[in-house]
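This report refers to the structure that appears directly beneath it.
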Amino acid sequence: QRPGAQAVRVEAALEHWYVTGLQQMGTVPSLITSVGESSSSLLSVVFELNPEESSGDQLLRVHSQPVEIIYDAVTVNSMVDFFKTGKGVDLEFLTSATLSKLEEIKEKTAAGLFHIIETRKVLDLKIDLKPSYLLIPMSGFYSDRADLIIVDFGSFQLNSVDQFGSISSPSSSSL
């Protein structure tokens with residue numbers, strides 16, 4: 001916190017993430033595993049109001065390392081059974097409630113965007129998400145010899161662009 005500049009900086013990091021499934025055939029399957037560089041955090045987020053290192057009003061940095069996700073049929077089916085409700089869902093009621101909520105959100109969003117345009121703040125943004133992937137074993141259970149479908153989620157990078165000469169970061173680039 002820098003009280004003189006009315007500045008606040010918040011940093012959060014997740015070092016590792018490991019999720020296991022239900023034990024089967026004497027093995028506990030790994031469902032989610034961090035596979036990125038061990039020298040950096042799996043996920044790091046920095047948010048700053050009135051940042052020193054940028055001429056923007058706000059700064060947001062998000063960086064992530066890859067994650068390996070393995071589908072396990074027994075674990076997923078058990079989770080679905082756990083969260084199932086005994087009663088049927090009234091589709092008409094659900095649709096009506098959803099449309100009503102959507103209209104309310106639309107009005108708030110329009111008002112919020114109008115307010116943002118009026119009070120115009122500059123956000124210095126840099127997001128870098130490394131490619132994660134999903135392994136789907138043909139048998140529903142992963143093993144070294146299992147036939148697999150591999151879904152690569154690809155990487156995602158987003159950087160703010162200096163349109164009005166207000167962000168002077170040399171690393172900013174367009175999409």
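Ordered as shown in the structure tokens, chains take letters A, B, and onward, while each chain numbers its residues from 1 and ligands are numbered from 1 in the order shown.
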Contacts of stretch 110-126 of chain A at 8 Å (only C-alpha atoms; same-chain gap of 6+ positions) as a ChimeraX atom specification:
/A:54,56-62,157-160,166-167,172
A:Thr33: which residues within 10 Å, counting only C-alpha atoms, same-chain residues fewer than 5 positions away excluded, as a short mmCIF file (atom, residue, chain, number, x, y, z; two decimals) with all heavy atoms, in the first residue's frame?
data_model
loop_
_atom_site.label_atom_id
_atom_site.label_comp_id
_atom_site.auth_asym_id
_atom_site.auth_seq_id
_atom_site.Cartn_x
_atom_site.Cartn_y
_atom_site.Cartn_z
N HIS A 16 1.28 -25.09 -6.61
CA HIS A 16 1.02 -26.41 -7.21
C HIS A 16 -0.45 -26.77 -7.00
O HIS A 16 -1.08 -26.31 -6.07
CB HIS A 16 1.89 -27.49 -6.56
CG HIS A 16 3.34 -27.21 -6.65
ND1 HIS A 16 4.06 -27.40 -7.81
CD2 HIS A 16 4.22 -26.73 -5.75
CE1 HIS A 16 5.31 -27.05 -7.60
NE2 HIS A 16 5.44 -26.63 -6.35
N TRP A 17 -0.93 -27.65 -7.88
CA TRP A 17 -2.31 -28.12 -7.76
C TRP A 17 -2.33 -29.57 -8.14
O TRP A 17 -1.85 -29.96 -9.21
CB TRP A 17 -3.19 -27.30 -8.69
CG TRP A 17 -4.66 -27.41 -8.43
CD1 TRP A 17 -5.27 -27.77 -7.27
CD2 TRP A 17 -5.70 -27.15 -9.36
NE1 TRP A 17 -6.62 -27.72 -7.41
CE2 TRP A 17 -6.92 -27.35 -8.69
CE3 TRP A 17 -5.73 -26.76 -10.68
CZ2 TRP A 17 -8.15 -27.18 -9.30
CZ3 TRP A 17 -6.96 -26.59 -11.28
CH2 TRP A 17 -8.15 -26.80 -10.60
N TYR A 18 -2.91 -30.40 -7.26
CA TYR A 18 -2.96 -31.83 -7.50
C TYR A 18 -4.29 -32.34 -6.99
O TYR A 18 -4.63 -32.16 -5.83
CB TYR A 18 -1.80 -32.52 -6.77
CG TYR A 18 -1.63 -33.97 -7.09
CD1 TYR A 18 -1.10 -34.37 -8.31
CD2 TYR A 18 -1.99 -34.95 -6.17
CE1 TYR A 18 -0.94 -35.71 -8.62
CE2 TYR A 18 -1.83 -36.30 -6.47
CZ TYR A 18 -1.31 -36.66 -7.69
OH TYR A 18 -1.15 -37.99 -7.99
N VAL A 19 -5.09 -32.95 -7.87
CA VAL A 19 -6.40 -33.48 -7.51
C VAL A 19 -6.43 -34.95 -7.86
O VAL A 19 -6.02 -35.35 -8.96
CB VAL A 19 -7.54 -32.73 -8.27
CG1 VAL A 19 -8.89 -33.34 -7.93
CG2 VAL A 19 -7.52 -31.25 -7.97
N THR A 20 -6.89 -35.78 -6.91
CA THR A 20 -6.97 -37.22 -7.17
C THR A 20 -8.42 -37.67 -7.23
O THR A 20 -9.32 -36.98 -6.75
CB THR A 20 -6.25 -38.02 -6.06
OG1 THR A 20 -6.84 -37.71 -4.80
CG2 THR A 20 -4.77 -37.68 -6.03
N PRO A 66 1.08 -24.68 -17.49
CA PRO A 66 0.16 -25.73 -17.97
C PRO A 66 -0.34 -26.65 -16.86
O PRO A 66 0.33 -26.84 -15.84
CB PRO A 66 1.03 -26.53 -18.95
CG PRO A 66 2.20 -25.70 -19.24
CD PRO A 66 2.40 -24.77 -18.10
N VAL A 67 -1.51 -27.22 -17.10
CA VAL A 67 -2.13 -28.19 -16.20
C VAL A 67 -2.52 -29.40 -17.03
O VAL A 67 -3.04 -29.26 -18.14
CB VAL A 67 -3.39 -27.59 -15.52
CG1 VAL A 67 -4.13 -28.63 -14.71
CG2 VAL A 67 -3.02 -26.41 -14.64
N GLU A 68 -2.27 -30.59 -16.49
CA GLU A 68 -2.69 -31.83 -17.15
C GLU A 68 -3.96 -32.30 -16.45
O GLU A 68 -4.00 -32.43 -15.24
CB GLU A 68 -1.61 -32.90 -17.00
CG GLU A 68 -2.02 -34.25 -17.57
CD GLU A 68 -0.95 -35.30 -17.33
OE1 GLU A 68 -0.88 -35.81 -16.20
OE2 GLU A 68 -0.20 -35.58 -18.27
N ILE A 69 -5.01 -32.51 -17.25
CA ILE A 69 -6.30 -32.96 -16.72
C ILE A 69 -6.57 -34.33 -17.32
O ILE A 69 -6.51 -34.51 -18.54
CB ILE A 69 -7.43 -32.00 -17.11
CG1 ILE A 69 -7.09 -30.58 -16.66
CG2 ILE A 69 -8.76 -32.45 -16.51
CD1 ILE A 69 -7.94 -29.51 -17.30
N ILE A 70 -6.86 -35.33 -16.46
CA ILE A 70 -7.13 -36.69 -16.94
C ILE A 70 -8.56 -37.06 -16.56
O ILE A 70 -8.93 -36.99 -15.39
CB ILE A 70 -6.13 -37.70 -16.33
CG1 ILE A 70 -4.70 -37.32 -16.69
CG2 ILE A 70 -6.46 -39.11 -16.80
CD1 ILE A 70 -3.64 -38.17 -16.03
#
Work out how far apart atom CA of A:Phe47 and atom CA of A:Val8 are and give it in Å to one decimal.
8.2 Å
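Picture a line from atom CA of A:Gly4 to atom CA of A:Asn50; it runs 10.7 Å.
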Could you tell me how far atom CA of A:Arg9 sits from atom CA of A:Ser41, in Å to one decimal place?
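Separating atom CA of A:Ser41 from atom CA of A:Arg9 is a distance of 18.2 Å.
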Let's see if you can do this: from backbone DSSP, list all strand (DSSP E or B) residues in chain A, as a ChimeraX atom specification.
/A:2,7-14,18-20,24,27,30-34,43-49,58-64,67-70,123-129,133-137,148-152,156-159
DSSP on the backbone: which residues in chain A end up as helix (DSSP H, G or I)? Give the answer as an NGL selection string.
:A and (3-5 or 73-83 or 91-119)
